[in-house]
Every structure is written in structure tokens, then in C-alpha cells.
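What follows is the content of work_24.tsv (TSV, C-alpha atoms and all ligand atoms).
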chain	number	residue	atom	x	y	z
A	1	MET	CA	15.45	-18.74	-30.23
A	2	LYS	CA	12.93	-17.03	-27.91
A	3	ILE	CA	14.70	-16.10	-24.70
A	4	ALA	CA	13.32	-14.65	-21.45
A	5	LEU	CA	15.87	-12.84	-19.30
A	6	LEU	CA	14.62	-12.22	-15.76
A	7	TYR	CA	16.89	-10.26	-13.46
A	8	PHE	CA	17.12	-8.49	-10.13
A	9	SER	CA	19.75	-5.86	-9.41
A	10	GLY	CA	20.05	-3.97	-6.14
A	11	THR	CA	22.81	-1.57	-7.13
A	12	GLY	CA	23.40	-1.89	-10.88
A	13	ASN	CA	25.88	-4.73	-11.47
A	14	THR	CA	23.31	-7.30	-12.53
A	15	LYS	CA	21.32	-4.68	-14.46
A	16	TRP	CA	24.39	-3.91	-16.54
A	17	LEU	CA	25.02	-7.64	-17.02
A	18	ALA	CA	21.40	-8.06	-18.22
A	19	GLU	CA	21.71	-5.15	-20.69
A	20	THR	CA	25.05	-6.39	-22.02
A	21	LEU	CA	23.88	-10.00	-22.33
A	22	PHE	CA	20.73	-8.77	-24.09
A	23	SER	CA	22.86	-6.97	-26.72
A	24	PHE	CA	25.09	-10.01	-27.35
A	25	LEU	CA	22.12	-12.39	-27.61
A	26	VAL	CA	20.26	-10.11	-30.05
A	27	GLU	CA	23.46	-9.67	-32.10
A	28	LYS	CA	23.63	-13.48	-32.39
A	29	GLY	CA	20.05	-13.78	-33.60
A	30	GLY	CA	18.14	-14.31	-30.34
A	31	THR	CA	14.71	-12.79	-29.68
A	32	VAL	CA	15.04	-11.60	-26.12
A	33	SER	CA	12.45	-10.27	-23.65
A	34	VAL	CA	13.89	-8.70	-20.51
A	35	PHE	CA	11.96	-8.65	-17.21
A	36	ASN	CA	12.98	-6.81	-14.06
A	37	LEU	CA	11.89	-9.01	-11.15
A	38	GLU	CA	11.18	-6.00	-8.93
A	39	ASP	CA	8.34	-4.94	-11.26
A	40	ASP	CA	4.87	-6.48	-11.46
A	41	ILE	CA	5.45	-8.53	-14.58
A	42	GLU	CA	3.24	-10.58	-16.85
A	43	PHE	CA	5.27	-13.65	-17.66
A	44	GLN	CA	4.37	-17.00	-19.22
A	45	ALA	CA	7.26	-19.47	-19.15
A	46	LYS	CA	5.68	-21.54	-21.94
A	47	ASP	CA	6.19	-18.65	-24.40
A	48	TYR	CA	9.98	-19.12	-24.37
A	49	ASP	CA	12.56	-21.67	-25.54
A	50	THR	CA	15.03	-20.67	-22.82
A	51	ILE	CA	14.71	-18.88	-19.48
A	52	LEU	CA	17.67	-17.00	-17.99
A	53	VAL	CA	17.71	-15.71	-14.41
A	54	ALA	CA	20.38	-13.21	-13.28
A	55	HIS	CA	20.87	-12.01	-9.70
A	56	PRO	CA	23.48	-10.95	-7.13
A	57	VAL	CA	24.77	-13.32	-4.44
A	58	TYR	CA	24.13	-12.29	-0.82
A	59	GLY	CA	26.18	-14.18	1.78
A	60	ALA	CA	25.91	-17.46	-0.17
A	61	HIS	CA	22.14	-16.90	-0.57
A	62	VAL	CA	19.84	-16.11	-3.46
A	63	PRO	CA	18.16	-12.73	-2.67
A	64	ARG	CA	14.75	-13.48	-1.15
A	65	LEU	CA	12.98	-11.31	-3.74
A	66	VAL	CA	14.43	-13.55	-6.48
A	67	SER	CA	13.65	-16.96	-4.95
A	68	ASP	CA	10.11	-15.86	-4.00
A	69	LYS	CA	9.33	-14.43	-7.46
A	70	ILE	CA	10.89	-17.28	-9.46
A	71	GLN	CA	8.90	-19.87	-7.51
A	72	ILE	CA	5.70	-18.01	-8.37
A	73	LEU	CA	6.54	-17.14	-12.00
A	74	ILE	CA	8.01	-20.43	-13.19
A	75	GLN	CA	5.78	-23.34	-12.30
A	76	GLY	CA	6.62	-26.98	-13.00
A	77	ASN	CA	10.03	-28.40	-13.72
A	78	ILE	CA	11.09	-26.10	-16.56
A	79	PRO	CA	14.90	-25.93	-16.56
A	80	ILE	CA	16.56	-22.53	-16.35
A	81	THR	CA	19.99	-20.95	-16.77
A	82	VAL	CA	21.30	-18.87	-13.86
A	83	ILE	CA	23.93	-16.12	-13.99
A	84	ALA	CA	25.14	-15.00	-10.56
A	85	THR	CA	27.03	-11.74	-9.98
A	86	PHE	CA	29.21	-11.16	-6.92
A	87	GLY	CA	32.11	-9.09	-5.63
A	88	TYR	CA	34.65	-11.65	-4.41
A	89	VAL	CA	33.59	-15.31	-4.31
A	90	ASN	CA	30.34	-17.06	-5.13
A	91	ALA	CA	30.01	-19.53	-2.25
A	92	LEU	CA	26.33	-20.10	-3.11
A	93	GLY	CA	26.82	-22.10	-6.30
A	94	TYR	CA	24.81	-24.51	-8.39
A	95	PHE	CA	23.61	-26.98	-5.71
A	96	ALA	CA	22.34	-24.44	-3.15
A	97	GLU	CA	20.83	-22.34	-5.95
A	98	LYS	CA	18.85	-25.36	-7.19
A	99	LYS	CA	17.55	-25.90	-3.67
A	100	ALA	CA	16.68	-22.22	-3.15
A	101	LEU	CA	14.80	-21.95	-6.44
A	102	GLY	CA	13.28	-25.43	-6.13
A	103	ARG	CA	13.92	-26.38	-9.76
A	104	ARG	CA	16.23	-27.87	-12.34
A	105	ILE	CA	19.10	-25.67	-13.48
A	106	ASP	CA	20.56	-26.52	-16.87
A	107	SER	CA	23.45	-24.07	-16.80
A	108	TYR	CA	25.05	-22.00	-14.06
A	109	PHE	CA	27.39	-19.10	-14.78
A	110	ASN	CA	29.51	-17.04	-12.39
A	111	LEU	CA	30.23	-13.40	-13.17
A	112	LYS	CA	32.67	-11.76	-10.78
A	113	MET	CA	31.97	-8.03	-10.73
A	114	PHE	CA	32.46	-5.63	-7.81
A	115	ASN	CA	31.64	-5.47	-4.12
A	116	ASN	CA	28.85	-3.03	-3.25
A	117	ILE	CA	29.08	-2.96	0.56
A	118	SER	CA	31.22	-0.72	2.72
A	119	THR	CA	29.74	-0.13	6.17
A	120	PRO	CA	30.98	0.19	9.76
A	121	LYS	CA	29.80	-3.42	10.22
A	122	MET	CA	31.25	-4.77	6.95
A	123	LYS	CA	34.51	-2.91	6.50
A	124	LEU	CA	35.05	-3.94	2.89
A	125	GLY	CA	36.55	-1.74	0.22
A	126	ILE	CA	34.81	-0.37	-2.85
A	127	LYS	CA	37.15	-0.61	-5.86
A	128	ASN	CA	37.90	2.78	-7.33
A	129	ILE	CA	36.39	3.61	-10.70
A	130	GLU	CA	39.70	3.44	-12.62
A	131	LYS	CA	40.27	-0.13	-11.42
A	132	ARG	CA	36.71	-1.10	-12.24
A	133	LEU	CA	36.88	0.40	-15.73
A	134	SER	CA	40.17	-1.39	-16.40
A	135	SER	CA	38.38	-4.75	-16.06
A	136	LYS	CA	35.30	-3.79	-18.11
A	137	ALA	CA	36.50	-5.31	-21.42
A	138	LYS	CA	37.39	-8.59	-19.68
A	139	ILE	CA	33.96	-8.85	-18.05
A	140	GLU	CA	32.27	-8.03	-21.39
A	141	LYS	CA	34.25	-10.88	-23.00
A	142	LYS	CA	32.97	-13.28	-20.32
A	143	ILE	CA	29.40	-12.16	-20.98
A	144	GLU	CA	29.88	-12.69	-24.71
A	145	LYS	CA	31.12	-16.25	-24.03
A	146	ILE	CA	28.01	-16.89	-21.93
A	147	SER	CA	25.83	-15.59	-24.79
A	148	ILE	CA	27.53	-17.96	-27.27
A	149	LEU	CA	26.91	-20.99	-25.03
A	150	ILE	CA	23.27	-19.96	-24.56
A	151	MET	CA	22.73	-19.55	-28.31
A	152	GLN	CA	24.40	-22.92	-28.99
A	153	ASN	CA	22.22	-24.55	-26.31
A	154	LYS	CA	25.37	-25.85	-24.62
A	155	ARG	CA	25.04	-26.83	-20.98
A	156	LYS	CA	27.71	-25.60	-18.55
A	157	ILE	CA	27.97	-25.54	-14.76
A	158	GLN	CA	30.59	-23.09	-13.50
A	159	GLY	CA	31.95	-22.61	-10.00
A	160	ILE	CA	31.87	-26.08	-8.45
A	161	GLY	CA	34.77	-26.17	-5.99
A	162	PRO	CA	35.82	-26.10	-2.31
A	163	GLN	CA	34.28	-22.64	-1.82
A	164	LEU	CA	30.86	-24.32	-1.91
A	165	LEU	CA	31.73	-26.27	1.26
A	166	VAL	CA	32.70	-23.00	2.95
A	167	GLY	CA	29.42	-21.67	1.57
A	168	ILE	CA	27.46	-24.05	3.81
A	169	ARG	CA	28.93	-22.28	6.85
A	170	ILE	CA	28.56	-18.81	5.33
A	171	ARG	CA	24.92	-19.53	4.51
A	172	LYS	CA	24.24	-20.65	8.06
A	173	ALA	CA	25.95	-17.57	9.48
A	174	PHE	CA	24.12	-15.18	7.14
A	175	ARG	CA	20.63	-16.74	7.22
A	176	GLU	CA	19.39	-14.87	10.28
A	177	GLU	CA	21.40	-11.77	9.44
A	178	LEU	CA	19.68	-11.47	6.05
A	179	GLN	CA	16.23	-12.17	7.50
A	180	LYS	CA	16.70	-9.54	10.20
A	181	HIS	CA	18.61	-7.05	8.08
A	182	TYR	CA	15.67	-4.66	8.14
A	183	GLN	CA	16.05	-4.27	11.92
A	184	THR	CA	19.51	-2.76	11.50
A	185	TRP	CA	18.42	0.09	9.19
A	186	GLY	CA	17.58	3.57	10.40
A	187	VAL	CA	17.71	7.19	9.27
A	188	ASP	CA	19.84	9.94	10.78
A	189	PRO	CA	17.48	12.94	11.17
A	190	GLU	CA	20.44	15.33	11.22
A	191	HIS	CA	21.39	14.40	7.65
A	192	CYS	CA	18.05	13.34	6.10
A	193	THR	CA	16.29	16.02	4.00
A	194	LEU	CA	13.10	13.91	3.65
A	195	CYS	CA	13.62	13.76	-0.13
A	196	GLY	CA	11.76	10.43	-0.27
A	197	LEU	CA	14.20	8.73	-2.66
A	198	CYS	CA	14.80	5.71	-0.41
A	199	VAL	CA	11.04	5.12	-0.07
A	200	ARG	CA	10.49	5.41	-3.85
A	201	GLU	CA	13.48	3.28	-4.86
A	202	CYS	CA	13.20	0.38	-2.40
A	203	PRO	CA	12.52	-2.66	-4.62
A	204	THR	CA	10.39	-4.36	-1.96
A	205	HIS	CA	8.56	-1.24	-0.68
A	206	SER	CA	9.98	-1.96	2.75
A	207	ILE	CA	10.57	1.66	3.81
A	208	ILE	CA	7.67	3.67	5.19
A	209	GLU	CA	7.97	7.32	6.20
A	210	LYS	CA	5.26	9.00	8.25
A	211	ASP	CA	5.69	12.40	9.88
A	212	ALA	CA	9.47	12.17	9.38
A	213	VAL	CA	9.64	8.82	11.17
A	214	PHE	CA	11.01	5.94	9.08
A	215	THR	CA	10.19	2.27	9.58
A	216	PHE	CA	11.90	-0.57	7.76
A	217	HIS	CA	9.96	-3.78	7.23
A	218	ALA	CA	10.74	-7.51	7.15
A	219	THR	CA	10.22	-7.69	3.37
A	220	CYS	CA	13.66	-6.00	2.97
A	221	THR	CA	15.80	-8.10	0.62
A	222	ALA	CA	19.09	-6.61	1.93
A	223	CYS	CA	20.04	-5.11	-1.43
A	224	MET	CA	21.81	-2.04	0.06
A	225	ARG	CA	20.17	0.31	-2.46
A	226	CYS	CA	18.79	2.68	0.18
A	227	TYR	CA	22.15	2.88	1.93
A	228	ASN	CA	24.13	3.37	-1.29
A	229	HIS	CA	21.77	5.75	-3.09
A	230	CYS	CA	20.67	8.16	-0.33
A	231	PRO	CA	21.96	11.55	-1.57
A	232	GLU	CA	22.72	12.62	2.02
A	233	GLN	CA	24.21	9.28	3.11
A	234	ALA	CA	21.69	9.42	5.96
A	235	ILE	CA	20.82	5.71	6.19
A	236	THR	CA	22.26	4.30	9.42
A	237	ILE	CA	23.18	0.75	10.42
A	238	ASN	CA	22.56	-0.17	14.06
A	239	ASN	CA	22.09	3.55	14.72
A	240	VAL	CA	25.58	4.35	13.45
A	241	TYR	CA	26.03	7.11	10.86
A	242	ALA	CA	28.42	5.81	8.20
A	243	ASP	CA	30.77	8.66	7.27
A	244	PRO	CA	30.94	8.65	3.43
A	245	ASN	CA	34.60	9.74	3.59
A	246	ILE	CA	35.38	6.39	5.21
A	247	TYR	CA	32.57	4.18	3.87
A	248	THR	CA	32.29	4.78	0.13
A	249	ARG	CA	28.81	4.40	-1.35
A	250	TYR	CA	28.37	2.28	-4.48
A	251	HIS	CA	26.49	3.78	-7.43
A	252	GLY	CA	26.87	1.04	-10.01
A	253	PRO	CA	29.76	-0.57	-11.85
A	254	TRP	CA	30.87	2.37	-14.00
A	255	LYS	CA	30.10	5.37	-11.76
B	1	LIG	C1	23.80	-8.37	1.59
B	1	LIG	C2	24.90	-8.61	0.60
B	1	LIG	C3	25.68	-9.76	0.70
B	1	LIG	C4	26.70	-10.00	-0.22
B	1	LIG	N1	27.39	-11.16	-0.14
B	1	LIG	C5	28.38	-11.43	-1.03
B	1	LIG	C6	29.07	-12.67	-0.99
B	1	LIG	O1	28.77	-13.56	-0.20
B	1	LIG	N2	30.10	-12.84	-1.86
B	1	LIG	C7	30.47	-11.89	-2.76
B	1	LIG	O2	31.41	-12.11	-3.50
B	1	LIG	N3	29.79	-10.72	-2.87
B	1	LIG	C8	28.75	-10.47	-2.02
B	1	LIG	N4	28.03	-9.30	-2.11
B	1	LIG	C9	28.33	-8.37	-3.22
B	1	LIG	C10	27.31	-8.51	-4.34
B	1	LIG	O3	27.03	-9.87	-4.60
B	1	LIG	C11	27.80	-7.88	-5.64
B	1	LIG	O4	28.21	-6.58	-5.44
B	1	LIG	C12	26.70	-7.96	-6.70
B	1	LIG	O5	27.26	-7.94	-7.99
B	1	LIG	C13	25.70	-6.83	-6.56
B	1	LIG	O6	24.82	-6.86	-7.65
B	1	LIG	P1	23.78	-5.69	-7.94
B	1	LIG	O7	24.59	-4.42	-8.11
B	1	LIG	O8	23.12	-6.10	-9.20
B	1	LIG	O9	22.87	-5.62	-6.78
B	1	LIG	C14	26.99	-9.05	-1.24
B	1	LIG	C15	26.21	-7.89	-1.33
B	1	LIG	C16	25.17	-7.67	-0.43
B	1	LIG	C17	24.33	-6.43	-0.58
B	2	LIG	S1	16.97	9.07	0.59
B	2	LIG	FE1	18.12	9.79	2.37
B	2	LIG	S2	17.68	11.99	2.51
B	2	LIG	FE2	16.13	11.08	1.17
B	2	LIG	S3	14.42	10.54	2.56
B	2	LIG	FE3	15.71	8.72	2.41
B	2	LIG	S4	17.12	8.88	4.15
B	2	LIG	FE4	16.23	10.92	3.84
B	3	LIG	S1	15.10	-1.41	2.76
B	3	LIG	FE1	16.98	-0.84	1.67
B	3	LIG	S2	18.19	-2.74	1.66
B	3	LIG	FE2	16.08	-3.32	2.15
B	3	LIG	S3	15.17	-3.87	0.17
B	3	LIG	FE3	14.71	-1.70	0.56
B	3	LIG	S4	16.35	-0.57	-0.49
B	3	LIG	FE4	17.03	-2.71	-0.27
Output the structure of this file as C-alpha cells.
Ligand SMILES: Cc1cc2nc3c(=O)[nH]c(=O)nc-3n(C[C@H](O)[C@H](O)[C@H](O)COP(=O)(O)O)c2cc1C
Ligand code: SF4
Ligand code: SF4
Amino acid sequence: MKIALLYFSGTGNTKWLAETLFSFLVEKGGTVSVFNLEDDIEFQAKDYDTILVAHPVYGAHVPRLVSDKIQILIQGNIPITVIATFGYVNALGYFAEKKALGRRIDSYFNLKMFNNISTPKMKLGIKNIEKRLSSKAKIEKKIEKISILIMQNKRKIQGIGPQLLVGIRIRKAFREELQKHYQTWGVDPEHCTLCGLCVRECPTHSIIEKDAVFTFHATCTACMRCYNHCPEQAITINNVYADPNIYTRYHGPWK
């Protein structure tokens, strides 16, 4: 079976899922090509028997980078399989995902991983590494089960339940917030060393630095990579410096 696995990962959870799923699929005889949606990729849907799309859930939304790219890359009504990663609850789900991507979805899988946001605005906790590592084997088992269903061509829709009704409200509340997320970002000049990492790593090239002045642009997909990866924790939200002793930064599932 020729499989295309297209993924986007802001902070590493979905990247690890893609790598792990790749290994299981290859082990079971699949021929798998992996594409990172943040790269300029050459992709022809007709070259594959099955297309898998993996991405994080953002406030019951598909990240804009993902919906925009998928609509361009996969023309026509080719069915796909989606695997969504999230920290707590996936209130996006199959129906809203279908609408956001504008296509048929044959299978929809939920993979609960770990929250990646802890800010003065979103006072959520980051699970400590021991706790995360203790659930690694269980998550790997879930990914293996997904790989078996894919290889057997078995259709499955996970995660249909009352949380999807709540998701309608969450989506409404988050729509503007996600669109205007770029307006909340800033850089604290007292902490920034002008290392340039945030500019280089931004998946949507939304951060511009000129003469030590940073501007964040509307193409921001709200992935939190700049905030989490800045070595000086200098990225601010609504002009507030987020003390790393209080607001832990997230560096990927096993770090
Ligand atoms: C802007 C934003 C919104 C998020 N919204 C949700 C959410 O609604 N539900 C949830 O369980 N996790 C939510 N999360 C957590 C991510 O979905 C989760 O950490 C995901 O696995 C991150 O994947 P990545 O590391 O591949 O970027 C959100 C994260 C971000 C950055
Ligand atoms: S990553 Fe942090 S320290 Fe480096 S340029 Fe960006 S804000 Fe400044
Ligand atoms: S500006 Fe920050 S949050 Fe927005 S896309 Fe770039 S790295 Fe992600």
C-alpha cells in the first residue's frame, strides 16, 4: 500500500506521532512518504492509495496552515484519514474537520497527548516529564492500533460525542482569537538577545525583525513555537513577560 502522511506540528507532539506511525506502517509492509506541511512540498495525491493528515487541534479548529495547504494540495473529492492530537479534549471532531478541509474523511482518529500552552492568559499546566514518559507506551499502543486499521483499510470515526456540541461554542469563541493571535505577540527587549531563532523557526514566516524591532503578521497560525522555543523566554503576550518559573515552556513530548 502506498501511503502519504502529511503533517503539521507546532511544538513536536504531532511530529512524534508522524514518526511513530511511519515506523509502524513500514513494519506492517506499507510504503510511506512523509511530508511536513510547513515545507514547500511537491505532492501528487494520485500517486497514493491512502492519504493521512495529522495535525494539532487549536480551540476546536484545524490550524489555518493545515486547512489552507490541504485545500491546495488535495484537489477533488479524494477521501483522507485524519489523526488529531490535543492536550485535553478534541472538541473539533469529524464533522467540523470535514467542513474545515472541505472534503470527505474516511477515518478520523483522536490521539490525546499533552498540552503545550502555559501563559499568563491561558493559565494551564504543562505535565512534568516523568508523568509524560509514564504514558508513552500507552500512546504508542494507540498509534500501533491506528496503523493496523489503516493497513487493513478499515474505516473508523473516533470521538463523536457531546464534546462536539460544546465545540460549536468553543469554535465561535476562539475564531477571532486565533485570527488575531498575531496581534498579541511581542518581544521583551530586556530579555531578547536577537539570536534570530524565532524568525528562522516560525512555520509561516510571520515574524520579521528589522533594527531590533519585531513585527508579527496575520499569517501566524498560533502554533506557540516562538513562545515555547525562545531560549530567553522573551516572547511576550499582550506586552506581558511570562516568567518561565511560573509559565513552563513546552519543548516537545519527551523533553
Ligand atoms: C492555540 C492552541 C489552541 C489549543 N487548543 C486546544 C484545545 O482546544 N483542546 C486541547 O485539548 N488542546 C488544545 N491545544 C493543545 C494542542 O492541541 C496539543 O498540545 C497538540 O498536541 C500540539 O501539537 P504539536 O506539538 O504537534 O503542535 C491547543 C494548543 C494551541 C497552541
Ligand atoms: S528567539 Fe527569543 S531571544 Fe532569539 S530573537 Fe527571538 S525573541 Fe529574541
Ligand atoms: S508567530 Fe509564533 S505562534 Fe505564530 S506561527 Fe510563528 S511561531 Fe507560530
Find the spatial neighbours of A:Ile168, counting all atoms listed in the file, within a cut-off of 10 Å - ignore same-chain residues fewer than 5 positions away - and output them as a list of chain:residue names.
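Returned residues: A:Ala60, A:His61, A:Ala91, A:Leu92, A:Ala96, A:Gln163, A:Ala173.
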| request: Fewer than 5 positions away in the same chain doesn't count, so skip those; otherwise give me all residues within 6 Å of A:Val187, counting all atoms listed in the file, as number ranges by chain. | output: A: 234-236
With C-alpha atoms retained, could you export that selection as a PDB file, in the coordinates of the input?
ATOM      1  CA  ALA A 234      21.690   9.420   5.960  1.00  0.00           C
ATOM      2  CA  ILE A 235      20.820   5.710   6.190  1.00  0.00           C
ATOM      3  CA  THR A 236      22.260   4.300   9.420  1.00  0.00           C
TER       4      THR A 236
END
Atom CA of A:Ile3 to atom CA of A:Thr221 measures 26.6 Å
With distances taken over all atoms listed in the file, the candidate from A:Cys226, A:Arg169, A:Ser23, A:Tyr241 nearest A:Pro189 is A:Tyr241
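Residue nearest A:Ile78 within the list A:Val66, A:Asp49, A:Asn13, A:Tyr94: A:Asp49 [criterion: smallest interatomic distance, all atoms listed in the file].
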### Message
Using only C-alpha atoms and all ligand atoms for the distances, tell me which of A:Gly93, A:Pro56, A:Pro231, A:Gly29 is nearest to ligand LIG 2 (chain B).
### Response
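Going through A:Gly93, A:Pro56, A:Pro231, A:Gly29 one by one, the smallest distance to ligand LIG 2 (chain B) is for A:Pro231.
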Task: Shortest interatomic distance to A:Phe95 - which of A:Val57, A:Ile157, A:Ile146, A:Leu37, counting only C-alpha atoms - done: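 Checking each candidate against A:Phe95, we get A:Ile157 as the closest.
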- Using atom CA of A:Thr31 and atom CA of A:Asn153 as the two end points, give the distance in Å to one decimal.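 If I compute the distance from atom CA of A:Thr31 to atom CA of A:Asn153, I get 14.4 Å.
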At most 7 Å from ligand LIG 2 (chain B) (all atoms listed in the file): residue list as a PDB file with C-alpha atoms, in the coordinates of the input:
ATOM      1  CA  VAL A 187      17.710   7.190   9.270  1.00  0.00           C
ATOM      2  CA  HIS A 191      21.390  14.400   7.650  1.00  0.00           C
ATOM      3  CA  CYS A 192      18.050  13.340   6.100  1.00  0.00           C
ATOM      4  CA  THR A 193      16.290  16.020   4.000  1.00  0.00           C
ATOM      5  CA  LEU A 194      13.100  13.910   3.650  1.00  0.00           C
ATOM      6  CA  CYS A 195      13.620  13.760  -0.130  1.00  0.00           C
ATOM      7  CA  GLY A 196      11.760  10.430  -0.270  1.00  0.00           C
ATOM      8  CA  LEU A 197      14.200   8.730  -2.660  1.00  0.00           C
ATOM      9  CA  CYS A 198      14.800   5.710  -0.410  1.00  0.00           C
ATOM     10  CA  VAL A 199      11.040   5.120  -0.070  1.00  0.00           C
ATOM     11  CA  CYS A 226      18.790   2.680   0.180  1.00  0.00           C
ATOM     12  CA  HIS A 229      21.770   5.750  -3.090  1.00  0.00           C
ATOM     13  CA  CYS A 230      20.670   8.160  -0.330  1.00  0.00           C
ATOM     14  CA  PRO A 231      21.960  11.550  -1.570  1.00  0.00           C
ATOM     15  CA  GLU A 232      22.720  12.620   2.020  1.00  0.00           C
ATOM     16  CA  GLN A 233      24.210   9.280   3.110  1.00  0.00           C
ATOM     17  CA  ALA A 234      21.690   9.420   5.960  1.00  0.00           C
ATOM     18  CA  ILE A 235      20.820   5.710   6.190  1.00  0.00           C
TER      19      ILE A 235
END
Would you mind putting N, CA, C and O atoms back on stretch 159-173 of chain A and writing the result as a PDB file, keeping the file's coordinate frame?
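Written output follows (selection_38.pdb):
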ATOM      1  N   GLY A 159      31.798 -22.963 -11.415  1.00  0.00           N
ATOM      2  CA  GLY A 159      31.950 -22.610 -10.000  1.00  0.00           C
ATOM      3  C   GLY A 159      31.738 -23.735  -9.011  1.00  0.00           C
ATOM      4  O   GLY A 159      31.408 -23.475  -7.852  1.00  0.00           O
ATOM      5  N   ILE A 160      31.943 -24.999  -9.443  1.00  0.00           N
ATOM      6  CA  ILE A 160      31.870 -26.080  -8.450  1.00  0.00           C
ATOM      7  C   ILE A 160      33.291 -26.262  -7.898  1.00  0.00           C
ATOM      8  O   ILE A 160      34.234 -26.500  -8.652  1.00  0.00           O
ATOM      9  N   GLY A 161      33.440 -26.086  -6.588  1.00  0.00           N
ATOM     10  CA  GLY A 161      34.770 -26.170  -5.990  1.00  0.00           C
ATOM     11  C   GLY A 161      34.668 -26.085  -4.478  1.00  0.00           C
ATOM     12  O   GLY A 161      33.559 -26.030  -3.926  1.00  0.00           O
ATOM     13  N   PRO A 162      35.822 -26.060  -3.787  1.00  0.00           N
ATOM     14  CA  PRO A 162      35.820 -26.100  -2.310  1.00  0.00           C
ATOM     15  C   PRO A 162      35.092 -24.922  -1.665  1.00  0.00           C
ATOM     16  O   PRO A 162      34.622 -25.025  -0.533  1.00  0.00           O
ATOM     17  N   GLN A 163      34.977 -23.800  -2.406  1.00  0.00           N
ATOM     18  CA  GLN A 163      34.280 -22.640  -1.820  1.00  0.00           C
ATOM     19  C   GLN A 163      32.815 -22.951  -1.511  1.00  0.00           C
ATOM     20  O   GLN A 163      32.201 -22.310  -0.658  1.00  0.00           O
ATOM     21  N   LEU A 164      32.267 -23.979  -2.170  1.00  0.00           N
ATOM     22  CA  LEU A 164      30.860 -24.320  -1.910  1.00  0.00           C
ATOM     23  C   LEU A 164      30.703 -24.997  -0.546  1.00  0.00           C
ATOM     24  O   LEU A 164      29.655 -24.893   0.093  1.00  0.00           O
ATOM     25  N   LEU A 165      31.771 -25.675  -0.086  1.00  0.00           N
ATOM     26  CA  LEU A 165      31.730 -26.270   1.260  1.00  0.00           C
ATOM     27  C   LEU A 165      31.779 -25.156   2.306  1.00  0.00           C
ATOM     28  O   LEU A 165      31.047 -25.163   3.294  1.00  0.00           O
ATOM     29  N   VAL A 166      32.635 -24.162   2.062  1.00  0.00           N
ATOM     30  CA  VAL A 166      32.700 -23.000   2.950  1.00  0.00           C
ATOM     31  C   VAL A 166      31.341 -22.286   2.927  1.00  0.00           C
ATOM     32  O   VAL A 166      30.867 -21.758   3.934  1.00  0.00           O
ATOM     33  N   GLY A 167      30.719 -22.322   1.752  1.00  0.00           N
ATOM     34  CA  GLY A 167      29.420 -21.670   1.570  1.00  0.00           C
ATOM     35  C   GLY A 167      28.358 -22.192   2.525  1.00  0.00           C
ATOM     36  O   GLY A 167      27.471 -21.452   2.945  1.00  0.00           O
ATOM     37  N   ILE A 168      28.454 -23.477   2.883  1.00  0.00           N
ATOM     38  CA  ILE A 168      27.460 -24.050   3.810  1.00  0.00           C
ATOM     39  C   ILE A 168      27.523 -23.294   5.134  1.00  0.00           C
ATOM     40  O   ILE A 168      26.503 -22.913   5.708  1.00  0.00           O
ATOM     41  N   ARG A 169      28.764 -23.016   5.580  1.00  0.00           N
ATOM     42  CA  ARG A 169      28.930 -22.280   6.850  1.00  0.00           C
ATOM     43  C   ARG A 169      28.518 -20.819   6.702  1.00  0.00           C
ATOM     44  O   ARG A 169      27.868 -20.247   7.561  1.00  0.00           O
ATOM     45  N   ILE A 170      28.904 -20.227   5.556  1.00  0.00           N
ATOM     46  CA  ILE A 170      28.560 -18.810   5.330  1.00  0.00           C
ATOM     47  C   ILE A 170      27.042 -18.654   5.313  1.00  0.00           C
ATOM     48  O   ILE A 170      26.478 -17.747   5.914  1.00  0.00           O
ATOM     49  N   ARG A 171      26.380 -19.607   4.629  1.00  0.00           N
ATOM     50  CA  ARG A 171      24.920 -19.530   4.510  1.00  0.00           C
ATOM     51  C   ARG A 171      24.255 -19.591   5.880  1.00  0.00           C
ATOM     52  O   ARG A 171      23.341 -18.857   6.193  1.00  0.00           O
ATOM     53  N   LYS A 172      24.786 -20.492   6.712  1.00  0.00           N
ATOM     54  CA  LYS A 172      24.240 -20.650   8.060  1.00  0.00           C
ATOM     55  C   LYS A 172      24.424 -19.352   8.853  1.00  0.00           C
ATOM     56  O   LYS A 172      23.509 -18.860   9.512  1.00  0.00           O
ATOM     57  N   ALA A 173      25.635 -18.787   8.727  1.00  0.00           N
ATOM     58  CA  ALA A 173      25.950 -17.570   9.480  1.00  0.00           C
ATOM     59  C   ALA A 173      25.113 -16.380   9.008  1.00  0.00           C
ATOM     60  O   ALA A 173      24.741 -15.515   9.802  1.00  0.00           O
TER      61      ALA A 173
END
